[in-house]
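Shown next, in structure tokens, is the structure this report addresses.
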Amino acid sequence: MSESLVKELVEAGVHFGHRASRWNPKMAPYIYARKNGIHIVDIRETVRGLLRAKKYLAQVAAQGSLVLFVGTKRQAGAAIEREALRCHMPFVAERWLGGALTNFRTIRSRLTRLEEVERIRSSDELNAYSKKMQSALNREHRKMYRNLNGLRILNRMPECLVVFDPNKEKNCIKEARALGITTVALIDTDCDPDLVDLPIPGNDDGIRSIELIARHLAEAILVGSQSAAAARGKDKPEAASSNGNTAAAAEAAKAGQA
């Protein structure tokens, strides 16, 4: 177990759970102790869960699949958006729209509408509208941008969801389970670990805790994406060489016929 990682997690307060009165008994295997009425998460379990999640996300990214980050609580929004953008993955940091996964076609149509409104607002076409209509378009744009901006690159169903606090994001967890989409989640002592596939036990309320876990997961995705890009780069010279050999063989055949 990496001592530097353990130190990093402890300094970020990842080991602080909720009040013991609010715990979920299913989290018992992940709890180390109870101190001053607060449950302390077993940091060894956090490390195991984090490393397992990072390995899986690197594999997903290496296959070219999408990972959707979800964290709509006030403490998580900024970190989720920043890290998702860094690893070029879609995110939901404001509000989970019901049916974002189970009614994916409708969400795509709303994204098309968002692009249409942006096109109108950035062109001279906007001047053809009345002041009242312009105001309505601006309001529509603000609302759609807030809820849909992070989903622009979600052009297909994600392979995995990275969720911060399954209790808060219960609707997205429910949709992912219905569709068989893998879920990775930072879960506190008041969560049900059975609802997610790869739990990372830890503090899902602290800003530093969320930022640290999100950063580690984003870095794993970047590693997977880079390995996929490197593999594609190796394939291209081979393909070019193969094409060159084919061309040379064709020329030789023509010369023989002549």
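Chain labels run A, B, ... following the order of the structure tokens; each chain numbers its residues from 1, and ligands are numbered from 1 in the order shown.
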
* Any idea what's packed within 10 Å of Ala53 of chain A, counting only C-alpha atoms, ignoring anything in its chain fewer than 5 positions away? Could you give it as a PyMOL selection string? -> chain A and resi 47-48+58-59+162+183-185+197-200+216-217+220

* Asked: Taking the backbone alone, and naming residues the way the document does, which bits of segment 23-85 of chain A are helix (DSSP H, G or I) by DSSP, as a PyMOL selection string?
  -> chain A and resi 25-30+43-62+77-85

* Run DSSP on the backbone of this structure and report the residues of segment 26-254 of chain A it assigns to strand (DSSP E), as a VMD selection string. => chain A and resid 31 to 35 38 to 41 67 to 70 91 to 92 160 to 164 182 to 187 198 to 201

Please tabulate, as a Markdown table, the residues of segment 110-206 of chain A that come within 12 Å of segment 66-70 of chain A, each with its closest pair of atoms and the distance in Å to one decimal, counting only C-alpha atoms and ordering rows by chain, then residue number upward.
| residue | atom | partner | partner_atom | distance |
| --- | --- | --- | --- | --- |
| A:Asn147 | CA | A:Val70 | CA | 12.0 |
| A:Gly150 | CA | A:Phe69 | CA | 9.2 |
| A:Leu151 | CA | A:Leu68 | CA | 8.5 |
| A:Arg152 | CA | A:Leu68 | CA | 11.4 |
| A:Ile153 | CA | A:Leu66 | CA | 9.0 |
| A:Leu154 | CA | A:Leu66 | CA | 7.5 |
| A:Asn155 | CA | A:Leu66 | CA | 9.2 |
| A:Arg156 | CA | A:Leu66 | CA | 7.9 |
| A:Met157 | CA | A:Leu66 | CA | 7.5 |
| A:Pro158 | CA | A:Leu66 | CA | 4.7 |
| A:Glu159 | CA | A:Leu66 | CA | 5.6 |
| A:Cys160 | CA | A:Val67 | CA | 5.0 |
| A:Leu161 | CA | A:Leu68 | CA | 4.8 |
| A:Val162 | CA | A:Phe69 | CA | 4.8 |
| A:Val163 | CA | A:Val70 | CA | 4.9 |
| A:Phe164 | CA | A:Val70 | CA | 6.5 |
| A:Asp165 | CA | A:Val70 | CA | 9.1 |
| A:Pro166 | CA | A:Val70 | CA | 9.6 |
| A:Lys168 | CA | A:Val70 | CA | 10.2 |
| A:Glu169 | CA | A:Val70 | CA | 7.7 |
| A:Lys170 | CA | A:Val70 | CA | 10.9 |
| A:Asn171 | CA | A:Val70 | CA | 11.0 |
| A:Cys172 | CA | A:Val70 | CA | 8.2 |
| A:Ile173 | CA | A:Val70 | CA | 9.8 |
| A:Ala176 | CA | A:Leu68 | CA | 10.7 |
| A:Ile181 | CA | A:Val67 | CA | 10.2 |
| A:Thr182 | CA | A:Val67 | CA | 9.7 |
| A:Thr183 | CA | A:Leu68 | CA | 9.6 |
| A:Val184 | CA | A:Phe69 | CA | 9.5 |
| A:Ala185 | CA | A:Val70 | CA | 9.4 |
| A:Leu186 | CA | A:Val70 | CA | 10.8 |

Put those residues in a file: N, CA, C and O atoms, as a CSV table (one decimal), in the first residue's frame.
chain,number,residue,atom,x,y,z
A,147,ASN,N,-27.9,22.9,-17.5
A,147,ASN,CA,-28.3,21.4,-17.3
A,147,ASN,C,-27.6,20.5,-18.3
A,147,ASN,O,-27.5,19.3,-18.1
A,150,GLY,N,-22.5,20.0,-19.9
A,150,GLY,CA,-21.6,18.9,-19.7
A,150,GLY,C,-21.8,17.6,-20.5
A,150,GLY,O,-21.0,16.7,-20.5
A,151,LEU,N,-23.0,17.5,-21.1
A,151,LEU,CA,-23.4,16.3,-21.8
A,151,LEU,C,-23.2,16.4,-23.3
A,151,LEU,O,-23.6,15.5,-24.1
A,152,ARG,N,-22.5,17.5,-23.8
A,152,ARG,CA,-22.4,17.7,-25.2
A,152,ARG,C,-21.6,16.6,-25.9
A,152,ARG,O,-22.0,16.2,-27.0
A,153,ILE,N,-20.6,16.0,-25.3
A,153,ILE,CA,-19.8,15.0,-25.9
A,153,ILE,C,-20.4,13.6,-25.6
A,153,ILE,O,-19.8,12.6,-26.0
A,154,LEU,N,-21.6,13.5,-25.0
A,154,LEU,CA,-22.2,12.2,-24.7
A,154,LEU,C,-23.0,11.8,-25.9
A,154,LEU,O,-24.2,11.9,-26.0
A,155,ASN,N,-22.3,11.4,-27.0
A,155,ASN,CA,-22.9,11.1,-28.3
A,155,ASN,C,-23.3,9.6,-28.3
A,155,ASN,O,-23.9,9.2,-29.3
A,156,ARG,N,-23.0,8.9,-27.2
A,156,ARG,CA,-23.5,7.5,-27.1
A,156,ARG,C,-23.6,7.2,-25.6
A,156,ARG,O,-23.1,7.9,-24.8
A,157,MET,N,-24.1,6.0,-25.3
A,157,MET,CA,-24.3,5.7,-23.9
A,157,MET,C,-22.9,5.5,-23.3
A,157,MET,O,-22.0,4.9,-23.9
A,158,PRO,N,-22.8,5.9,-22.0
A,158,PRO,CA,-21.5,5.7,-21.3
A,158,PRO,C,-21.3,4.3,-20.9
A,158,PRO,O,-22.3,3.6,-20.7
A,159,GLU,N,-20.1,3.9,-20.8
A,159,GLU,CA,-19.7,2.6,-20.3
A,159,GLU,C,-19.8,2.5,-18.8
A,159,GLU,O,-20.1,1.5,-18.2
A,160,CYS,N,-19.6,3.7,-18.2
A,160,CYS,CA,-19.5,3.7,-16.7
A,160,CYS,C,-19.9,5.1,-16.2
A,160,CYS,O,-19.8,6.1,-16.9
A,161,LEU,N,-20.4,5.1,-15.0
A,161,LEU,CA,-20.7,6.3,-14.3
A,161,LEU,C,-19.8,6.5,-13.0
A,161,LEU,O,-19.6,5.5,-12.3
A,162,VAL,N,-19.3,7.6,-12.8
A,162,VAL,CA,-18.5,8.0,-11.6
A,162,VAL,C,-19.4,8.9,-10.8
A,162,VAL,O,-19.6,10.0,-11.2
A,163,VAL,N,-19.8,8.4,-9.7
A,163,VAL,CA,-20.8,9.1,-8.9
A,163,VAL,C,-20.2,9.6,-7.5
A,163,VAL,O,-19.5,8.8,-6.9
A,164,PHE,N,-20.6,10.8,-7.1
A,164,PHE,CA,-20.1,11.3,-5.8
A,164,PHE,C,-21.4,11.4,-4.9
A,164,PHE,O,-22.2,12.3,-5.2
A,165,ASP,N,-21.5,10.5,-4.0
A,165,ASP,CA,-22.7,10.4,-3.1
A,165,ASP,C,-23.9,9.8,-3.7
A,165,ASP,O,-24.8,10.5,-4.3
A,166,PRO,N,-24.0,8.5,-3.7
A,166,PRO,CA,-25.2,7.8,-4.3
A,166,PRO,C,-26.5,8.1,-3.7
A,166,PRO,O,-27.5,8.0,-4.4
A,168,LYS,N,-27.4,11.2,-2.8
A,168,LYS,CA,-27.8,12.4,-3.5
A,168,LYS,C,-28.2,12.1,-4.9
A,168,LYS,O,-29.1,12.7,-5.5
A,169,GLU,N,-27.4,11.2,-5.6
A,169,GLU,CA,-27.6,10.9,-7.0
A,169,GLU,C,-28.4,9.6,-7.2
A,169,GLU,O,-28.1,8.8,-8.1
A,170,LYS,N,-29.4,9.4,-6.3
A,170,LYS,CA,-30.1,8.1,-6.4
A,170,LYS,C,-30.8,7.8,-7.7
A,170,LYS,O,-30.9,6.7,-8.2
A,171,ASN,N,-31.3,8.9,-8.4
A,171,ASN,CA,-32.0,8.8,-9.6
A,171,ASN,C,-31.0,8.3,-10.7
A,171,ASN,O,-31.4,7.4,-11.5
A,172,CYS,N,-29.8,8.8,-10.8
A,172,CYS,CA,-28.9,8.4,-11.8
A,172,CYS,C,-28.4,6.9,-11.5
A,172,CYS,O,-28.2,6.2,-12.5
A,173,ILE,N,-28.2,6.6,-10.3
A,173,ILE,CA,-27.9,5.2,-9.9
A,173,ILE,C,-29.0,4.3,-10.3
A,173,ILE,O,-28.7,3.2,-10.9
A,176,ALA,N,-28.8,3.8,-14.1
A,176,ALA,CA,-27.6,3.1,-14.5
A,176,ALA,C,-27.9,1.6,-14.2
A,176,ALA,O,-27.5,0.7,-15.1
A,181,ILE,N,-25.4,-0.3,-16.6
A,181,ILE,CA,-24.2,0.5,-16.7
A,181,ILE,C,-23.4,0.4,-15.4
A,181,ILE,O,-24.0,0.6,-14.3
A,182,THR,N,-22.1,0.2,-15.5
A,182,THR,CA,-21.3,0.0,-14.3
A,182,THR,C,-21.2,1.4,-13.6
A,182,THR,O,-21.1,2.4,-14.2
A,183,THR,N,-21.2,1.3,-12.2
A,183,THR,CA,-21.1,2.5,-11.4
A,183,THR,C,-19.9,2.4,-10.5
A,183,THR,O,-19.7,1.4,-9.8
A,184,VAL,N,-19.1,3.5,-10.5
A,184,VAL,CA,-18.1,3.7,-9.5
A,184,VAL,C,-18.5,4.9,-8.6
A,184,VAL,O,-19.0,5.9,-9.1
A,185,ALA,N,-18.4,4.7,-7.3
A,185,ALA,CA,-19.0,5.8,-6.4
A,185,ALA,C,-18.1,6.0,-5.2
A,185,ALA,O,-17.6,5.0,-4.6
A,186,LEU,N,-18.0,7.3,-4.8
A,186,LEU,CA,-17.4,7.6,-3.5
A,186,LEU,C,-18.6,7.6,-2.5
A,186,LEU,O,-19.6,8.3,-2.7

* Asked: For the atom pair atom CA of Leu85 of chain A and atom CA of Leu148 of chain A, what is the interatomic distance in Å to one decimal place?
  -> 14.0 Å

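Closest approach to Arg142 of chain A from the set A:Leu50, A:Ile80, A:Ser130, A:Glu118 is made by A:Glu118, with distances taken over only C-alpha atoms.
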
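Taking atom CA of Thr189 of chain A as the reference point, atom CA of His39 of chain A is found at 7.3 Å.
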
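The smallest atom-to-atom distance between Arg22 of chain A and any of A:Cys191, A:Leu97, A:Leu126, A:Met133, using only C-alpha atoms, is found for A:Cys191.
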
* Asked: Counting only C-alpha atoms, which of A:Gly224, A:Gly206, A:Gly180, A:Pro201 gets nearest to Glu45 of chain A?
  -> A:Pro201

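Atom to atom, atom CA of Glu211 of chain A and atom CA of Ala79 of chain A stand 5.5 Å apart.
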
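The shell of residues at most 8 Å from Ala20 of chain A, with only C-alpha atoms counted and near chain neighbours (fewer than 2 positions) removed, consists of His18, Arg22, Trp23, Arg34, Gly37, Ile38 and His39 of chain A.
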
Filtering to C-alpha atoms, could you give me those residues as a tab-separated table (two decimals), in the first residue's frame?
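Written file, result.tsv:
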chain	number	residue	atom	x	y	z
A	18	HIS	CA	-21.01	10.69	9.14
A	22	ARG	CA	-26.86	8.09	10.53
A	23	TRP	CA	-24.88	5.06	9.44
A	34	ARG	CA	-16.12	5.30	16.13
A	37	GLY	CA	-19.93	9.96	17.76
A	38	ILE	CA	-18.37	10.00	14.26
A	39	HIS	CA	-17.56	6.91	12.23
